[in-house]
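Content type mmCIF, C-alpha atoms, from the file start-v2.cif:
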```cif
data_model
#
loop_
_atom_site.label_atom_id
_atom_site.label_comp_id
_atom_site.auth_asym_id
_atom_site.auth_seq_id
_atom_site.Cartn_x
_atom_site.Cartn_y
_atom_site.Cartn_z
CA MET I 918 -13.09 -8.12 -15.37
CA ALA I 919 -16.39 -6.41 -15.91
CA SER I 920 -18.07 -9.31 -17.64
CA ALA I 921 -17.29 -11.76 -14.86
CA SER I 922 -18.91 -9.59 -12.24
CA THR I 923 -21.95 -8.74 -14.32
CA SER I 924 -22.67 -12.29 -15.38
CA GLN I 925 -22.70 -13.57 -11.84
CA PRO I 926 -25.83 -11.71 -10.67
CA GLN I 927 -27.54 -12.94 -13.82
CA GLN I 928 -26.80 -16.56 -13.06
CA ILE I 929 -28.18 -16.27 -9.55
CA ASN I 930 -31.36 -14.31 -9.61
CA VAL I 931 -30.61 -11.07 -7.80
CA ALA I 932 -34.13 -10.95 -6.42
CA ASP I 933 -33.47 -14.13 -4.44
CA LEU I 934 -30.60 -12.63 -2.45
CA GLU I 935 -30.78 -11.54 1.17
CA LEU I 936 -30.72 -7.84 1.95
CA SER I 937 -27.19 -8.00 3.37
CA GLN I 938 -25.96 -9.77 0.28
CA LEU I 939 -27.69 -7.21 -1.90
CA ALA I 940 -25.93 -4.46 0.01
CA GLU I 941 -22.64 -6.18 -0.73
CA VAL I 942 -23.45 -6.43 -4.40
CA ARG I 943 -24.37 -2.78 -4.33
CA THR I 944 -21.08 -1.65 -2.77
CA GLN I 945 -19.17 -3.77 -5.22
CA LEU I 946 -21.03 -2.27 -8.15
CA GLU I 947 -20.50 1.21 -6.77
CA GLU I 948 -16.78 0.58 -6.45
CA GLU I 949 -16.53 -0.67 -9.99
CA LEU I 950 -18.51 2.29 -11.24
CA ASN I 951 -16.20 4.64 -9.38
CA HIS I 952 -13.15 3.01 -10.86
CA LEU I 953 -14.60 3.20 -14.36
CA THR I 954 -15.59 6.85 -14.09
CA ASN I 955 -12.11 7.65 -12.81
CA SER I 956 -10.59 5.96 -15.83
CA PHE I 957 -13.00 7.91 -17.99
CA THR I 958 -11.83 11.27 -16.65
CA GLN I 959 -8.22 10.20 -16.99
CA LEU I 960 -8.77 9.28 -20.61
CA LYS I 961 -10.51 12.59 -21.20
CA GLN I 962 -7.52 14.40 -19.74
CA ALA I 963 -5.11 12.47 -21.92
CA GLN I 964 -7.21 13.28 -24.95
CA ALA I 965 -7.19 16.98 -24.09
CA LYS I 966 -3.40 16.83 -23.77
CA PHE I 967 -3.03 15.34 -27.23
CA LYS I 968 -5.40 17.93 -28.65
CA ALA I 969 -3.26 20.66 -27.11
CA CYS I 970 -0.24 19.04 -28.75
CA ILE I 971 -1.91 19.30 -32.16
CA GLU I 972 -2.40 23.01 -31.61
CA ASN I 973 1.17 23.44 -30.45
CA VAL I 974 2.48 21.69 -33.54
CA GLY I 975 0.44 24.19 -35.55
CA GLU I 976 2.32 27.01 -33.86
CA VAL I 977 5.67 25.74 -35.11
CA ASN I 978 5.28 26.91 -38.71
CA PRO I 979 7.52 28.62 -41.27
CA ASN I 980 5.98 31.99 -40.44
CA ASN I 981 7.58 31.76 -37.05
CA THR I 982 11.06 30.74 -38.21
CA GLY I 983 13.78 32.85 -36.65
CA LYS I 984 11.49 34.44 -34.12
CA THR I 985 12.78 34.64 -30.58
CA ILE I 986 11.19 32.38 -28.01
CA LEU I 987 11.76 31.71 -24.35
CA VAL I 988 12.80 28.16 -23.67
CA PRO I 989 11.85 26.82 -20.25
CA LEU I 990 14.80 25.17 -18.51
CA THR I 991 12.77 24.67 -15.36
CA ASN I 992 9.33 25.83 -14.34
CA SER I 993 10.72 29.21 -13.31
CA LEU I 994 13.88 29.61 -15.41
CA TYR I 995 13.77 30.61 -19.07
CA VAL I 996 16.49 31.32 -21.60
CA PRO I 997 15.95 33.18 -24.88
CA GLY I 998 16.21 31.12 -28.03
CA ARG I 999 15.45 31.27 -31.71
CA LEU I 1000 13.27 28.88 -33.68
CA SER I 1001 15.71 27.59 -36.26
CA ASP I 1002 13.96 24.45 -37.55
CA SER I 1003 10.28 25.01 -38.16
CA GLU I 1004 9.81 21.83 -40.14
CA HIS I 1005 10.56 19.18 -37.54
CA VAL I 1006 9.41 18.36 -34.06
CA VAL I 1007 10.43 15.52 -31.74
CA VAL I 1008 7.57 13.40 -30.51
CA ASP I 1009 7.44 11.20 -27.42
CA VAL I 1010 6.16 7.82 -28.60
CA GLY I 1011 6.37 6.14 -25.18
CA THR I 1012 8.74 3.86 -23.24
CA GLY I 1013 11.51 6.45 -23.45
CA TYR I 1014 11.61 6.68 -27.22
CA PHE I 1015 11.33 9.94 -29.14
CA VAL I 1016 11.01 10.32 -32.88
CA LYS I 1017 11.85 13.31 -35.03
CA LYS I 1018 8.92 13.95 -37.32
CA THR I 1019 7.88 16.56 -39.84
CA ARG I 1020 5.01 18.76 -38.80
CA PRO I 1021 2.32 16.98 -40.85
CA GLN I 1022 3.55 13.63 -39.56
CA ALA I 1023 3.40 14.84 -35.97
CA LYS I 1024 -0.07 16.23 -36.50
CA LYS I 1025 -1.19 12.93 -37.97
CA TYR I 1026 0.37 11.07 -35.05
CA TYR I 1027 -1.51 13.14 -32.48
CA GLU I 1028 -4.74 12.95 -34.44
CA SER I 1029 -4.55 9.16 -34.50
CA LYS I 1030 -3.88 9.23 -30.75
CA VAL I 1031 -6.95 11.37 -30.14
CA ASP I 1032 -8.97 9.01 -32.29
CA PHE I 1033 -7.63 5.97 -30.48
CA ILE I 1034 -8.67 7.47 -27.16
CA ARG I 1035 -12.06 8.39 -28.54
CA GLY I 1036 -12.67 4.74 -29.43
CA ASN I 1037 -11.69 3.70 -25.91
CA LEU I 1038 -13.90 6.37 -24.42
CA GLU I 1039 -16.88 5.09 -26.36
CA THR I 1040 -16.45 1.50 -25.18
CA LEU I 1041 -15.87 2.74 -21.65
CA GLN I 1042 -19.01 4.86 -21.82
CA GLU I 1043 -20.98 1.78 -22.82
CA THR I 1044 -19.55 -0.24 -19.94
CA ILE I 1045 -20.32 2.56 -17.53
CA SER I 1046 -23.94 2.85 -18.58
CA LYS I 1047 -24.34 -0.93 -18.35
CA LYS I 1048 -22.90 -0.86 -14.84
CA GLN I 1049 -25.20 2.00 -13.99
CA ASP I 1050 -28.18 -0.04 -15.19
CA ASN I 1051 -27.07 -2.99 -13.07
CA LEU I 1052 -26.69 -0.76 -10.06
CA ASN I 1053 -30.11 0.79 -10.57
CA TYR I 1054 -31.63 -2.64 -10.87
CA VAL I 1055 -30.07 -3.76 -7.60
CA LEU I 1056 -31.14 -0.54 -5.91
CA ASN I 1057 -34.71 -1.11 -7.08
CA ILE I 1058 -34.73 -4.60 -5.67
CA ILE I 1059 -33.33 -3.38 -2.35
CA GLN I 1060 -36.06 -0.76 -2.26
CA ALA I 1061 -38.76 -3.30 -3.05
CA LYS I 1062 -37.46 -5.71 -0.42
CA LEU I 1063 -37.36 -3.00 2.20
CA GLN I 1064 -40.90 -2.00 1.39
CA ALA I 1065 -42.14 -5.58 1.51
CA GLU I 1066 -40.43 -6.04 4.86
CA ALA I 1067 -41.98 -2.87 6.27
CA GLN I 1068 -45.38 -3.92 5.04
CA SER I 1069 -45.18 -7.38 6.53
CA ALA I 1070 -43.95 -5.88 9.80
CA ALA I 1071 -46.88 -3.50 9.82
CA ALA I 1072 -49.27 -6.33 9.00
CA SER I 1073 -48.00 -8.51 11.83
CA LYS I 1074 -48.32 -5.56 14.20
CA LYS I 1075 -51.90 -5.09 13.18
CA SER I 1076 -52.75 -8.74 13.63
CA LYS I 1077 -51.20 -8.68 17.10
CA SER I 1078 -53.09 -5.63 18.31
CA MET N 369 -10.63 -29.30 20.82
CA ASP N 370 -7.79 -26.86 21.43
CA ALA N 371 -5.71 -28.72 18.95
CA LEU N 372 -8.44 -28.28 16.35
CA GLN N 373 -8.74 -24.59 17.13
CA ALA N 374 -4.99 -24.15 16.73
CA LYS N 375 -5.13 -26.03 13.47
CA LEU N 376 -7.96 -23.81 12.28
CA GLN N 377 -6.01 -20.70 13.11
CA GLN N 378 -2.91 -21.95 11.37
CA LYS N 379 -4.88 -22.92 8.29
CA SER N 380 -6.65 -19.59 8.09
CA GLN N 381 -3.33 -17.81 8.42
CA GLU N 382 -1.93 -19.86 5.60
CA TYR N 383 -5.01 -19.12 3.55
CA GLN N 384 -4.66 -15.41 4.17
CA LYS N 385 -1.03 -15.55 3.16
CA LEU N 386 -2.03 -17.22 -0.09
CA GLN N 387 -4.63 -14.54 -0.72
CA GLU N 388 -1.98 -11.86 -0.24
CA ASP N 389 0.34 -13.64 -2.64
CA LEU N 390 -2.49 -13.88 -5.09
CA SER N 391 -3.26 -10.17 -5.08
CA ALA N 392 0.46 -9.37 -5.46
CA VAL N 393 0.68 -11.63 -8.50
CA VAL N 394 -2.52 -10.16 -9.96
CA GLU N 395 -1.01 -6.71 -9.58
CA ALA N 396 2.16 -7.84 -11.34
CA ARG N 397 0.06 -9.29 -14.12
CA GLN N 398 -1.80 -6.00 -14.60
CA LYS N 399 1.44 -4.07 -14.68
CA LEU N 400 2.79 -6.39 -17.34
CA ASP N 401 -0.36 -5.89 -19.37
CA ALA N 402 0.08 -2.13 -19.27
CA GLN N 403 3.72 -2.46 -20.33
CA LEU N 404 2.76 -4.81 -23.12
CA SER N 405 0.20 -2.45 -24.60
CA GLU N 406 2.55 0.53 -24.31
CA ASN N 407 5.33 -1.33 -26.08
CA GLU N 408 2.93 -2.57 -28.71
CA LEU N 409 1.93 1.02 -29.43
CA VAL N 410 5.59 1.99 -29.77
CA LYS N 411 6.18 -0.93 -32.11
CA LYS N 412 3.22 0.08 -34.23
CA GLU N 413 4.64 3.58 -34.40
CA PHE N 414 8.10 2.32 -35.36
CA ASP N 415 6.61 0.21 -38.13
CA GLN N 416 5.25 3.33 -39.74
CA LEU N 417 8.52 5.25 -39.66
CA THR N 418 10.21 6.45 -42.83
CA LEU N 419 13.99 6.51 -43.16
CA GLU N 420 14.23 10.23 -42.51
CA ASN N 421 12.66 9.91 -39.07
CA THR N 422 15.42 10.01 -36.48
CA VAL N 423 14.85 7.99 -33.35
CA TYR N 424 16.06 9.22 -29.97
CA LYS N 425 16.17 7.35 -26.72
CA LEU N 426 15.72 9.04 -23.39
CA VAL N 427 18.75 8.27 -21.23
CA GLY N 428 18.43 10.03 -17.92
CA PRO N 429 17.66 13.64 -18.80
CA VAL N 430 19.12 13.63 -22.33
CA LEU N 431 17.96 12.33 -25.67
CA VAL N 432 20.49 10.11 -27.42
CA GLN N 433 20.16 9.44 -31.10
CA GLN N 434 19.67 5.78 -31.87
CA ASP N 435 19.65 3.66 -34.96
CA GLN N 436 16.15 2.92 -36.18
CA ALA N 437 16.95 -0.76 -36.64
CA GLU N 438 18.44 -0.94 -33.16
CA ALA N 439 15.43 0.74 -31.59
CA LYS N 440 13.10 -1.60 -33.43
CA SER N 441 14.93 -4.71 -32.32
CA ASN N 442 15.07 -3.33 -28.78
CA VAL N 443 11.33 -2.97 -28.65
CA LYS N 444 10.91 -6.40 -30.17
CA THR N 445 13.07 -8.08 -27.53
CA ARG N 446 11.22 -6.15 -24.87
CA LEU N 447 7.90 -7.38 -26.23
CA ASP N 448 9.17 -10.96 -26.28
CA PHE N 449 10.40 -10.59 -22.72
CA ILE N 450 7.11 -9.16 -21.51
CA ARG N 451 5.16 -11.93 -23.22
CA SER N 452 7.28 -14.62 -21.58
CA GLU N 453 6.91 -12.84 -18.24
CA ILE N 454 3.15 -12.85 -18.68
CA LYS N 455 3.26 -16.58 -19.32
CA ARG N 456 5.35 -17.11 -16.19
CA VAL N 457 3.02 -14.98 -14.06
CA GLU N 458 -0.02 -16.77 -15.48
CA GLY N 459 1.53 -20.05 -14.32
CA GLN N 460 2.11 -18.59 -10.86
CA LEU N 461 -1.45 -17.38 -10.80
CA LYS N 462 -2.78 -20.82 -11.62
CA ASP N 463 -0.55 -22.45 -9.03
CA ILE N 464 -1.55 -20.06 -6.24
CA ASN N 465 -5.19 -20.30 -7.17
CA SER N 466 -5.21 -24.08 -6.93
CA ARG N 467 -3.28 -23.98 -3.66
CA ALA N 468 -5.73 -21.44 -2.24
CA GLU N 469 -8.63 -23.60 -3.35
CA LYS N 470 -7.10 -26.61 -1.60
CA LYS N 471 -6.42 -24.61 1.54
CA LYS N 472 -10.01 -23.43 1.53
CA THR N 473 -11.40 -26.97 1.51
CA GLU N 474 -8.99 -27.93 4.31
CA LEU N 475 -10.17 -24.90 6.22
CA LEU N 476 -13.82 -25.82 5.78
CA GLU N 477 -13.09 -29.40 6.84
CA THR N 478 -11.44 -28.23 10.04
CA GLN N 479 -14.32 -25.90 10.69
CA GLY N 480 -16.76 -28.75 10.19
CA ALA N 481 -14.80 -30.92 12.59
CA ILE N 482 -14.92 -28.22 15.25
CA GLN N 483 -18.64 -27.80 14.82
CA GLN N 484 -19.18 -31.51 15.19
CA GLN N 485 -17.26 -31.55 18.43
CA ALA N 486 -18.86 -28.40 19.79
CA PRO N 487 -22.19 -29.91 20.95
CA VAL N 488 -20.31 -32.69 22.75
CA ALA N 489 -17.98 -30.30 24.56
#
```

Go ahead and express the file in the form of structure tokens.
Amino acid sequence: MASASTSQPQQINVADLELSQLAEVRTQLEEELNHLTNSFTQLKQAQAKFKACIENVGEVNPNNTGKTILVPLTNSLYVPGRLSDSEHVVVDVGTGYFVKKTRPQAKKYYESKVDFIRGNLETLQETISKKQDNLNYVLNIIQAKLQAEAQSAAASKKSKS
Amino acid sequence: MDALQAKLQQKSQEYQKLQEDLSAVVEARQKLDAQLSENELVKKEFDQLTLENTVYKLVGPVLVQQDQAEAKSNVKTRLDFIRSEIKRVEGQLKDINSRAEKKKTELLETQGAIQQQAPVA
């Protein structure tokens, strides 16, 4: 998706485009950038969630076996409970499947998730900065064109007067 | 002249309709991609399971215990299904694209014809 749109301005020299076309390219680039930054924040949020899960798994340890806890039935309704199994947790692995894992396994699972997201974040960051460069380039050209236009307008005014 | 105008309008409507179809299909394709990657992640996870890991399936609000082998084959069939769906949608995409391309040339031809008549009229 990204490569197709970035390669196009390179095939046609961006400097040859009309101002209106440049404005179009600019809005398109801005939209793409917006979309990418949104994805970036979403990924960040997901990563934070998984990190929180790692911490929570750490809380379920043998020291806490038998301690009373409050189990949320809904957001505002809790019932008292006791932590009977401190060795296992059930992990959501996606598409409606849950797997019972030991604590170290669960921790490893979440760590690999965090890592997976980190890899994605890095590639996304690269794409974003490339897009940003493209956008800056287009903005520069727009600026230069505007200036050239203003200058030629001023020059023609002078020659008339 | 009026006949040409009417033809132009009809063609552009058809073209627009094709564009709408196209974006719907593209959306479906993206959704399938998301499903594919999610299921692939689940499959990867299942491949790493040991025998003591119990698998549960979310049915409505409750978790139902499920056989590991059954869960694995479920995900596998789902993956196969999604892949075949992607192939089908790709075909649709190609078909609509070529039809839109054809419609576009027809549209341009009609436009050209109108422009040729315009100076005379």

How close does segment 979-1069 of chain I get to segment 435-446 of chain N? List, as a tab-separated table, each residue of segment 979-1069 of chain I within 10 Å, its nearest atom pair and the distance in Å to one decimal, counting all atoms listed in the file.
```
residue	atom	partner	partner_atom	distance
I:Thr1012	CA	N:Val443	CA	9.1
I:Tyr1014	CA	N:Ala439	CA	8.3
I:Val1016	CA	N:Gln436	CA	9.6
```

* Show me which bits of chain I are within 6 Å of chain N, counting all atoms listed in the file, as a ChimeraX atom specification. => /I:1010,1013-1018

* Asked: By how many Å are atom CA of Arg943 of chain I and atom CA of Ser1046 of chain I apart?
  -> 15.3 Å

* To do: Write out as a VMD selection string each polymer residue whose atoms come within 9 Å of segment 932-936 of chain I, counting all atoms listed in the file; drop sequence neighbours fewer than 6 positions from it.
  => chain I and resid 1055 1058 to 1059 1062 to 1063

Mind telling me what the PyMOL selection byres ((chain I and resi 1022) around 12) catches here, as a short mmCIF file (atom, residue, chain, number, x, y, z; two decimals) with C-alpha atoms, in the coordinates of the input?
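The resulting file, result20.cif, is shown below:
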```
data_model
loop_
_atom_site.label_atom_id
_atom_site.label_comp_id
_atom_site.auth_asym_id
_atom_site.auth_seq_id
_atom_site.Cartn_x
_atom_site.Cartn_y
_atom_site.Cartn_z
CA ILE I 971 -1.91 19.30 -32.16
CA VAL I 974 2.48 21.69 -33.54
CA GLY I 975 0.44 24.19 -35.55
CA GLU I 1004 9.81 21.83 -40.14
CA HIS I 1005 10.56 19.18 -37.54
CA VAL I 1006 9.41 18.36 -34.06
CA VAL I 1007 10.43 15.52 -31.74
CA VAL I 1008 7.57 13.40 -30.51
CA VAL I 1016 11.01 10.32 -32.88
CA LYS I 1017 11.85 13.31 -35.03
CA LYS I 1018 8.92 13.95 -37.32
CA THR I 1019 7.88 16.56 -39.84
CA ARG I 1020 5.01 18.76 -38.80
CA PRO I 1021 2.32 16.98 -40.85
CA ALA I 1023 3.40 14.84 -35.97
CA LYS I 1024 -0.07 16.23 -36.50
CA LYS I 1025 -1.19 12.93 -37.97
CA TYR I 1026 0.37 11.07 -35.05
CA TYR I 1027 -1.51 13.14 -32.48
CA GLU I 1028 -4.74 12.95 -34.44
CA SER I 1029 -4.55 9.16 -34.50
CA GLU N 413 4.64 3.58 -34.40
CA GLN N 416 5.25 3.33 -39.74
CA LEU N 417 8.52 5.25 -39.66
CA THR N 418 10.21 6.45 -42.83
CA GLU N 420 14.23 10.23 -42.51
CA ASN N 421 12.66 9.91 -39.07
#
```

* To do: Evaluate the PyMOL selection byres ((chain N and resi 464-477) around 7) on the structure here and hand back the selected residues as a PyMOL selection string.
  => chain N and resi 376+379-380+383+386+390+460-463+478-481

I need the residues from that last selection saved to file as a PDB file, keeping the file's coordinate frame (with C-alpha atoms), if you can.
```
ATOM      1  CA  LEU N 376      -7.960 -23.810  12.280  1.00  0.00           C
ATOM      2  CA  LYS N 379      -4.880 -22.920   8.290  1.00  0.00           C
ATOM      3  CA  SER N 380      -6.650 -19.590   8.090  1.00  0.00           C
ATOM      4  CA  TYR N 383      -5.010 -19.120   3.550  1.00  0.00           C
ATOM      5  CA  LEU N 386      -2.030 -17.220  -0.090  1.00  0.00           C
ATOM      6  CA  LEU N 390      -2.490 -13.880  -5.090  1.00  0.00           C
ATOM      7  CA  GLN N 460       2.110 -18.590 -10.860  1.00  0.00           C
ATOM      8  CA  LEU N 461      -1.450 -17.380 -10.800  1.00  0.00           C
ATOM      9  CA  LYS N 462      -2.780 -20.820 -11.620  1.00  0.00           C
ATOM     10  CA  ASP N 463      -0.550 -22.450  -9.030  1.00  0.00           C
ATOM     11  CA  THR N 478     -11.440 -28.230  10.040  1.00  0.00           C
ATOM     12  CA  GLN N 479     -14.320 -25.900  10.690  1.00  0.00           C
ATOM     13  CA  GLY N 480     -16.760 -28.750  10.190  1.00  0.00           C
ATOM     14  CA  ALA N 481     -14.800 -30.920  12.590  1.00  0.00           C
TER      15      ALA N 481
END
```

* To do: Write out as a list in words each polymer residue whose atoms come within 12 Å of Gln1049 of chain I, counting only C-alpha atoms; drop sequence neighbours fewer than 5 positions from it.
  => Thr923, Arg943, Leu946, Glu947, Glu948, Glu949, Leu950, Asn951, Leu953, Thr954, Gln1042, Glu1043, Thr1044, Tyr1054, Val1055 and Leu1056 of chain I

* **I:Gly1011, I:Thr1040, I:Ala963, I:Asn981 ranked by distance to Leu404 of chain N, top pick (using all atoms listed in the file)** => I:Gly1011

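Counting all atoms listed in the file, the residue from N:Lys375, N:Arg397, N:Asp370, N:Gln387 that sits nearest to Val457 of chain N is N:Arg397.
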
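Note that the spacing between atom CA of Gln381 of chain N and atom CA of Ala396 of chain N amounts to 22.8 Å.
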
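Taking atom CA of Gln398 of chain N and atom CA of Gln959 of chain I as endpoints, the distance between them is 17.6 Å.
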
Given 6 Å on each side, where is the centre and what are the edge lengths in Å to one decimal of the axis-aligned box enclosing the listed atoms of segment 928-936 of chain I, as AutoDock Vina command-line options?
```
--center_x -30.5 --center_y -12.2 --center_z -5.6 --size_x 19.3 --size_y 20.7 --size_z 27.0
```

N, CA, C and O atoms for segment 449-463 of chain N, written as a compact mmCIF listing (two decimals), in the frame of the given file, could you do that?
```txt
# COMPACT_ATOMS: atom_id res chain seq x y z
N PHE N 449 10.16 -10.41 -24.15
CA PHE N 449 10.40 -10.59 -22.72
C PHE N 449 9.11 -10.45 -21.93
O PHE N 449 8.79 -11.28 -21.07
N ILE N 450 8.36 -9.41 -22.25
CA ILE N 450 7.11 -9.16 -21.51
C ILE N 450 6.14 -10.32 -21.71
O ILE N 450 5.49 -10.78 -20.77
N ARG N 451 6.07 -10.82 -22.96
CA ARG N 451 5.16 -11.93 -23.22
C ARG N 451 5.55 -13.16 -22.40
O ARG N 451 4.69 -13.83 -21.83
N SER N 452 6.87 -13.44 -22.34
CA SER N 452 7.28 -14.62 -21.58
C SER N 452 7.03 -14.40 -20.09
O SER N 452 6.66 -15.33 -19.37
N GLU N 453 7.20 -13.15 -19.64
CA GLU N 453 6.91 -12.84 -18.24
C GLU N 453 5.45 -13.08 -17.94
O GLU N 453 5.09 -13.62 -16.89
N ILE N 454 4.59 -12.65 -18.88
CA ILE N 454 3.15 -12.85 -18.68
C ILE N 454 2.84 -14.33 -18.55
O ILE N 454 2.07 -14.75 -17.69
N LYS N 455 3.49 -15.13 -19.39
CA LYS N 455 3.26 -16.58 -19.32
C LYS N 455 3.67 -17.11 -17.95
O LYS N 455 2.95 -17.90 -17.33
N ARG N 456 4.85 -16.65 -17.49
CA ARG N 456 5.35 -17.11 -16.19
C ARG N 456 4.37 -16.73 -15.08
O ARG N 456 4.00 -17.55 -14.24
N VAL N 457 3.92 -15.46 -15.11
CA VAL N 457 3.02 -14.98 -14.06
C VAL N 457 1.68 -15.71 -14.12
O VAL N 457 1.09 -16.01 -13.08
N GLU N 458 1.23 -16.01 -15.34
CA GLU N 458 -0.02 -16.77 -15.48
C GLU N 458 0.10 -18.12 -14.78
O GLU N 458 -0.81 -18.57 -14.09
N GLY N 459 1.28 -18.76 -14.97
CA GLY N 459 1.53 -20.05 -14.32
C GLY N 459 1.47 -19.91 -12.81
O GLY N 459 0.82 -20.71 -12.13
N GLN N 460 2.12 -18.85 -12.31
CA GLN N 460 2.11 -18.59 -10.86
C GLN N 460 0.69 -18.43 -10.36
O GLN N 460 0.30 -18.98 -9.33
N LEU N 461 -0.07 -17.68 -11.15
CA LEU N 461 -1.45 -17.38 -10.80
C LEU N 461 -2.25 -18.67 -10.65
O LEU N 461 -2.98 -18.86 -9.68
N LYS N 462 -2.06 -19.55 -11.62
CA LYS N 462 -2.78 -20.82 -11.62
C LYS N 462 -2.39 -21.62 -10.39
O LYS N 462 -3.24 -22.16 -9.68
N ASP N 463 -1.08 -21.68 -10.14
CA ASP N 463 -0.55 -22.45 -9.03
C ASP N 463 -1.13 -21.95 -7.71
O ASP N 463 -1.67 -22.72 -6.91
```
